[in-house]
Protein chains: 2
Amino acid sequence: MANLEFGGIAGDRHFGVTSLADARQPMYPRGTEKLNLRQITIVSEEELSLIAEELGIEYVLPEWLGANLLVNGYPELTTLMIGSRLLFPDGTGLICMGENKPCNLPGQEIQKHYEMEPKLATRFIRAALKRRGIVCAVECPGKVYEGDEVQIFVNNLDNPMQ
Amino acid sequence: MANLEFGGIAGDRHFGVTSLADARQPMYPRGTEKLNLRQITIVSEEELSLIAEELGIEYVLPEWLGANLLVNGYPELTTLMIGSRLLFPDGTGLICMGENKPCNLPGQEIQKHYEMEPKLATRFIRAALKRRGIVCAVECPGKVYEGDEVQIFVNNLDNPMQ
């Protein structure tokens with residue numbers, strides 16, 4: 001079970017209604033306090049399999065990528081458009097803020113588990129592009145349970161959601 | 001001068017880090033407390049002129065639409081993609097949450113100023129589609145002054161910002 005509050009998951013390193021600007025927000029000086037919209041990261045089982053396949057390893061665990069939630073049955077998770085909503089059975093709602101672009105930290109973590117494979121850390125970035133899942137903000141707090149069915153409301157540019 | 005805080009402009013009816021779900025968020029029961037990402041509304045002079053032209057009236061004032069900010073020199077403001085940033089000279093930053101879809105309340109306001117023109121309230125909805133400006137959340141608080149030059153960082157799906 002995960003308890004999603006405004007700001008994310010208490011104790012998680014990405015928790016906070018605000019956060020400090022980093023290299024991902026080059027329009028602000030580094031360290032500026034800004035709204036935190038990268039509270040929750042989600043990956044899909046299917047995309048993790050594709051990453052593992054591309055890297056020539058058996059599997060990639062979601063925790064190696066620091067993911068907060070793992071979904072299956074929605075293979076194209078990473079393409080989910082910004083502004084889309086994910087709704088859980090108890091009413092908990094997340095708003096998708098777009099693709100989580102891969103950096104090489106998860107690759108370094110993967111490398112630790114496959115010491116015989118060459119250059120996983122750098123190869124990860126390419127293998128994980130458009131497959132590394134999404135970042136979300138908690139729009140409506142609540143609890144998420146293992147096995148929950150997620151309803152996905154896909155945003156689209158022609159008829160954007162509000 | 002407008003003082004933009006986390007949550008928007010203090011005293012404005014859309015101010016708040018959270019707000020209550022309404023008809024625009026049908027995935028939540030009405031009245032549910034949720035993250036407020038519709039804090040600031042922005043319109044463009046050029047689009048207001050197009051609306052006025054379509055309605056056959058002389059002008060439409062931004063305050064009739066309840067707009068918080070008015071810009072010029074960026075005529076296609078309403079098409080600005082969700083996730084784009086607007087940066088002001090003092091470092092104040094807004095994140096665009098997409099098109100503000102027209103309802104008939106601003107049209108009723110316009111009607112009050114042009115009593116001789118027929119059916120402005122209902123005609124407004126069609127005339128204002130894709131021209132009614134955008135809604136934003138305050139990403140980085142600060143002050144915005146009349147005449148400020150705005151830098152616009154356009155988000156795009158192929159290379160989404162974070």
# chains A, B, ... in the order shown; residues from 1 in each chain; ligands from 1
$ residues_around --residues "Leu86 (chain B)" --least-positions-apart "4" --cutoff "7 Å" --atoms "only C-alpha atoms" --output "short mmCIF file (atom, residue, chain, number, x, y, z; two decimals) with all heavy atoms, in the first residue's frame"
data_model
loop_
_atom_site.label_atom_id
_atom_site.label_comp_id
_atom_site.auth_asym_id
_atom_site.auth_seq_id
_atom_site.Cartn_x
_atom_site.Cartn_y
_atom_site.Cartn_z
N GLY B 93 8.01 32.31 -12.53
CA GLY B 93 7.72 31.35 -13.58
C GLY B 93 6.35 30.74 -13.46
O GLY B 93 5.89 30.39 -12.37
N LEU B 94 5.68 30.60 -14.60
CA LEU B 94 4.39 29.94 -14.66
C LEU B 94 4.53 28.70 -15.52
O LEU B 94 5.30 28.69 -16.48
CB LEU B 94 3.34 30.85 -15.29
CG LEU B 94 3.07 32.19 -14.59
CD1 LEU B 94 2.03 32.99 -15.37
CD2 LEU B 94 2.57 31.94 -13.17
N ILE B 95 3.77 27.65 -15.18
CA ILE B 95 3.71 26.49 -16.06
C ILE B 95 2.31 26.43 -16.66
O ILE B 95 1.31 26.52 -15.95
CB ILE B 95 4.10 25.18 -15.33
CG1 ILE B 95 4.04 23.99 -16.29
CG2 ILE B 95 3.28 24.93 -14.08
CD1 ILE B 95 4.78 22.76 -15.78
N VAL B 150 8.07 38.76 -21.50
CA VAL B 150 7.90 37.37 -21.08
C VAL B 150 8.70 36.46 -22.00
O VAL B 150 8.60 36.58 -23.22
CB VAL B 150 6.41 36.93 -21.16
CG1 VAL B 150 6.21 35.60 -20.45
CG2 VAL B 150 5.50 38.00 -20.61
N GLN B 151 9.48 35.58 -21.38
CA GLN B 151 10.17 34.55 -22.18
C GLN B 151 9.29 33.31 -22.18
O GLN B 151 8.83 32.88 -21.11
CB GLN B 151 11.47 34.16 -21.48
CG GLN B 151 12.72 34.80 -22.01
CD GLN B 151 13.92 34.18 -21.33
OE1 GLN B 151 14.16 34.45 -20.15
NE2 GLN B 151 14.65 33.33 -22.04
N ILE B 152 9.07 32.74 -23.36
CA ILE B 152 8.21 31.56 -23.44
C ILE B 152 9.04 30.35 -23.85
O ILE B 152 9.75 30.38 -24.86
CB ILE B 152 7.04 31.81 -24.40
CG1 ILE B 152 6.18 32.96 -23.84
CG2 ILE B 152 6.20 30.55 -24.59
CD1 ILE B 152 4.92 33.27 -24.62
N PHE B 153 9.00 29.31 -23.04
CA PHE B 153 9.67 28.05 -23.33
C PHE B 153 8.59 27.05 -23.76
O PHE B 153 7.82 26.57 -22.93
CB PHE B 153 10.40 27.50 -22.09
CG PHE B 153 11.48 28.41 -21.59
CD1 PHE B 153 11.16 29.51 -20.79
CD2 PHE B 153 12.81 28.18 -21.89
CE1 PHE B 153 12.16 30.36 -20.32
CE2 PHE B 153 13.81 29.02 -21.42
CZ PHE B 153 13.48 30.11 -20.63
#
$ closest_atom_pairs --of "chain B" --to "chain A" --cutoff "7 Å" --atoms "only C-alpha atoms" --output "CSV"
residue,atom,partner,partner_atom,distance
B:Arg24,CA,A:Gln162,CA,5.7
B:Gln25,CA,A:Gln162,CA,6.6
B:Glu33,CA,A:Cys140,CA,6.9
B:Lys34,CA,A:Cys140,CA,4.7
B:Leu35,CA,A:Glu139,CA,4.7
B:Gly98,CA,A:Pro160,CA,6.9
B:Glu139,CA,A:Leu35,CA,4.7
B:Cys140,CA,A:Lys34,CA,4.7
B:Pro160,CA,A:Gly98,CA,6.9
B:Gln162,CA,A:Arg24,CA,5.7
$ select_by_dssp --residues "region 43-149 of chain B" --states "strand (DSSP E)" --output "ChimeraX atom specification"
/B:43-44,69-71,85-87,93-99,134-140,142-144
$ closest_residue --among "A:Gln39, A:Asn104, A:Asn3, A:Asn68" --to "Ser19 (chain A)" --atoms "only C-alpha atoms"
A:Gln39
$ residues_around --residues "Ile57 (chain B)" --least-positions-apart "3" --cutoff "12 Å" --atoms "only C-alpha atoms" --output "list in words"
Leu48, Ser49, Leu50, Ile51, Ala52, Glu53, Glu54, Val60, Leu61, Ile110, Gln111, His113, Tyr114, Glu115, Met116, Glu117, Pro118, Leu120, Arg123, Phe124 and Ala127 of chain B
$ residues_around --residues "Val144 (chain A)" --least-positions-apart "6" --cutoff "9 Å" --atoms "only C-alpha atoms" --output "list in words"
Met1, Ala2, Asn3, Leu4, Phe88, Pro89, Asp90 and Thr92 of chain A
$ atom_distance --atom1 "CA of Asn156 (chain B)" --atom2 "CA of Glu45 (chain B)"
24.1 Å
